[in-house]
Amino acid sequence: MDIEKAKTLLDGNEGNLNEKNTLLRGLQILAKYLDDMDHGFSSDEEIWVDGFEETIGQMTKEEVILMAKLGWSYDEDSDIWTHY
């Protein structure tokens, strides 16, 4: 998927509170495209996963929309996936 189009889909995203297992389902999608997932947690209860550009270029539009529904977003300063 086009990176700029994906950023637009993810921008201002708060996720869908009715979705279940949002963290795990997002990680499963990312694991399809990352051989060795670099990840961590920040002090404000945020999980981050490196490799936004690497993964987004391989994802389908449906996967990007699902990531948005699951509450995953893009941190432009660090070029990473984030989830609160």
# chains A, B, ... in the order shown; residues from 1 in each chain; ligands from 1

$ residues_around --residues "segment 4-15 of chain A" --least-positions-apart "3" --cutoff "7 Å" --atoms "only C-alpha atoms" --output "VMD selection string"
chain A and resid 1 64 to 65 68 to 71 73 to 74

$ atom_distance --atom1 "atom CA of Asn18 of chain A" --atom2 "atom CA of Phe41 of chain A"
23.7 Å

$ residues_around --residues "Asp2 of chain A" --least-positions-apart "3" --cutoff "10 Å" --atoms "only C-alpha atoms" --output "JSON, numbers by chain"
{"A": [5, 6, 7, 53, 56, 57, 58, 59, 60, 61]}

$ write_last_selection --atoms "N, CA and C atoms" --output "PDB file, in the first residue's frame"
ATOM      1  N   LYS A   5      -0.968   7.255   1.639  1.00  0.00           N
ATOM      2  CA  LYS A   5      -2.381   6.875   1.745  1.00  0.00           C
ATOM      3  C   LYS A   5      -2.631   6.144   3.063  1.00  0.00           C
ATOM      4  N   ALA A   6      -1.704   5.282   3.439  1.00  0.00           N
ATOM      5  CA  ALA A   6      -1.825   4.552   4.699  1.00  0.00           C
ATOM      6  C   ALA A   6      -1.776   5.509   5.884  1.00  0.00           C
ATOM      7  N   LYS A   7      -0.892   6.483   5.846  1.00  0.00           N
ATOM      8  CA  LYS A   7      -0.793   7.463   6.931  1.00  0.00           C
ATOM      9  C   LYS A   7      -2.109   8.219   7.084  1.00  0.00           C
ATOM     10  N   GLU A  53       7.541   1.635   7.600  1.00  0.00           N
ATOM     11  CA  GLU A  53       7.648   1.687   6.136  1.00  0.00           C
ATOM     12  C   GLU A  53       7.854   0.303   5.538  1.00  0.00           C
ATOM     13  N   ILE A  56       4.205  -1.426   5.894  1.00  0.00           N
ATOM     14  CA  ILE A  56       3.085  -0.773   5.215  1.00  0.00           C
ATOM     15  C   ILE A  56       3.146  -0.979   3.707  1.00  0.00           C
ATOM     16  N   GLY A  57       4.335  -1.040   3.170  1.00  0.00           N
ATOM     17  CA  GLY A  57       4.477  -1.259   1.726  1.00  0.00           C
ATOM     18  C   GLY A  57       4.017  -2.635   1.277  1.00  0.00           C
ATOM     19  N   GLN A  58       3.901  -3.566   2.203  1.00  0.00           N
ATOM     20  CA  GLN A  58       3.490  -4.925   1.882  1.00  0.00           C
ATOM     21  C   GLN A  58       2.030  -5.216   2.248  1.00  0.00           C
ATOM     22  N   MET A  59       1.450  -4.388   3.095  1.00  0.00           N
ATOM     23  CA  MET A  59       0.090  -4.628   3.577  1.00  0.00           C
ATOM     24  C   MET A  59      -0.957  -4.288   2.530  1.00  0.00           C
ATOM     25  N   THR A  60      -2.089  -4.953   2.647  1.00  0.00           N
ATOM     26  CA  THR A  60      -3.232  -4.615   1.811  1.00  0.00           C
ATOM     27  C   THR A  60      -3.968  -3.433   2.448  1.00  0.00           C
ATOM     28  N   LYS A  61      -4.800  -2.791   1.674  1.00  0.00           N
ATOM     29  CA  LYS A  61      -5.609  -1.691   2.199  1.00  0.00           C
ATOM     30  C   LYS A  61      -6.482  -2.199   3.348  1.00  0.00           C
TER      31      LYS A  61
END

$ closest_residue --among "A:Leu17, A:Ile3, A:Ile29, A:Ile47" --to "Tyr84 of chain A" --atoms "only C-alpha atoms"
A:Ile47

$ select_by_dssp --residues "chain A" --states "alpha helix (DSSP H)" --output "PDB file with C-alpha atoms, in the first residue's frame"
ATOM      1  CA  ILE A   3       2.720   4.992   2.481  1.00  0.00           C
ATOM      2  CA  GLU A   4       1.058   8.412   2.323  1.00  0.00           C
ATOM      3  CA  LYS A   5      -2.381   6.875   1.745  1.00  0.00           C
ATOM      4  CA  ALA A   6      -1.825   4.552   4.699  1.00  0.00           C
ATOM      5  CA  LYS A   7      -0.793   7.463   6.931  1.00  0.00           C
ATOM      6  CA  THR A   8      -4.041   9.217   5.997  1.00  0.00           C
ATOM      7  CA  LEU A   9      -6.079   6.132   6.928  1.00  0.00           C
ATOM      8  CA  LEU A  10      -4.287   5.894  10.286  1.00  0.00           C
ATOM      9  CA  THR A  22      -6.524  -5.396  19.561  1.00  0.00           C
ATOM     10  CA  LEU A  23      -2.891  -5.660  20.601  1.00  0.00           C
ATOM     11  CA  LEU A  24      -2.486  -9.320  19.697  1.00  0.00           C
ATOM     12  CA  ARG A  25      -4.310  -9.085  16.372  1.00  0.00           C
ATOM     13  CA  GLY A  26      -2.184  -6.114  15.316  1.00  0.00           C
ATOM     14  CA  LEU A  27       1.008  -7.922  16.282  1.00  0.00           C
ATOM     15  CA  GLN A  28      -0.105 -10.934  14.227  1.00  0.00           C
ATOM     16  CA  ILE A  29      -0.511  -8.736  11.152  1.00  0.00           C
ATOM     17  CA  LEU A  30       2.894  -7.129  11.697  1.00  0.00           C
ATOM     18  CA  ALA A  31       4.563 -10.510  12.261  1.00  0.00           C
ATOM     19  CA  LYS A  32       3.517 -11.547   8.749  1.00  0.00           C
ATOM     20  CA  TYR A  33       5.852  -8.892   7.352  1.00  0.00           C
ATOM     21  CA  PHE A  52       6.429   1.033   9.679  1.00  0.00           C
ATOM     22  CA  GLU A  53       7.648   1.687   6.136  1.00  0.00           C
ATOM     23  CA  GLU A  54       8.826  -1.910   5.740  1.00  0.00           C
ATOM     24  CA  THR A  55       5.439  -3.340   6.696  1.00  0.00           C
ATOM     25  CA  ILE A  56       3.085  -0.773   5.215  1.00  0.00           C
ATOM     26  CA  LYS A  61      -5.609  -1.691   2.199  1.00  0.00           C
ATOM     27  CA  GLU A  62      -7.878  -3.977   4.247  1.00  0.00           C
ATOM     28  CA  GLU A  63      -5.043  -4.755   6.666  1.00  0.00           C
ATOM     29  CA  VAL A  64      -4.257  -1.060   7.130  1.00  0.00           C
ATOM     30  CA  ILE A  65      -7.924  -0.318   7.812  1.00  0.00           C
ATOM     31  CA  LEU A  66      -8.033  -3.205  10.294  1.00  0.00           C
ATOM     32  CA  MET A  67      -4.904  -1.899  12.036  1.00  0.00           C
ATOM     33  CA  ALA A  68      -6.687   1.461  12.404  1.00  0.00           C
ATOM     34  CA  LYS A  69      -9.801  -0.230  13.814  1.00  0.00           C
TER      35      LYS A  69
END

$ select_by_dssp --residues "chain A" --states "strand (DSSP E)" --output "PyMOL selection string"
chain A and resi 39-41+47-50+72-75+80-83

$ atom_distance --atom1 "atom CA of Leu34 of chain A" --atom2 "atom CA of Val49 of chain A"
10.0 Å
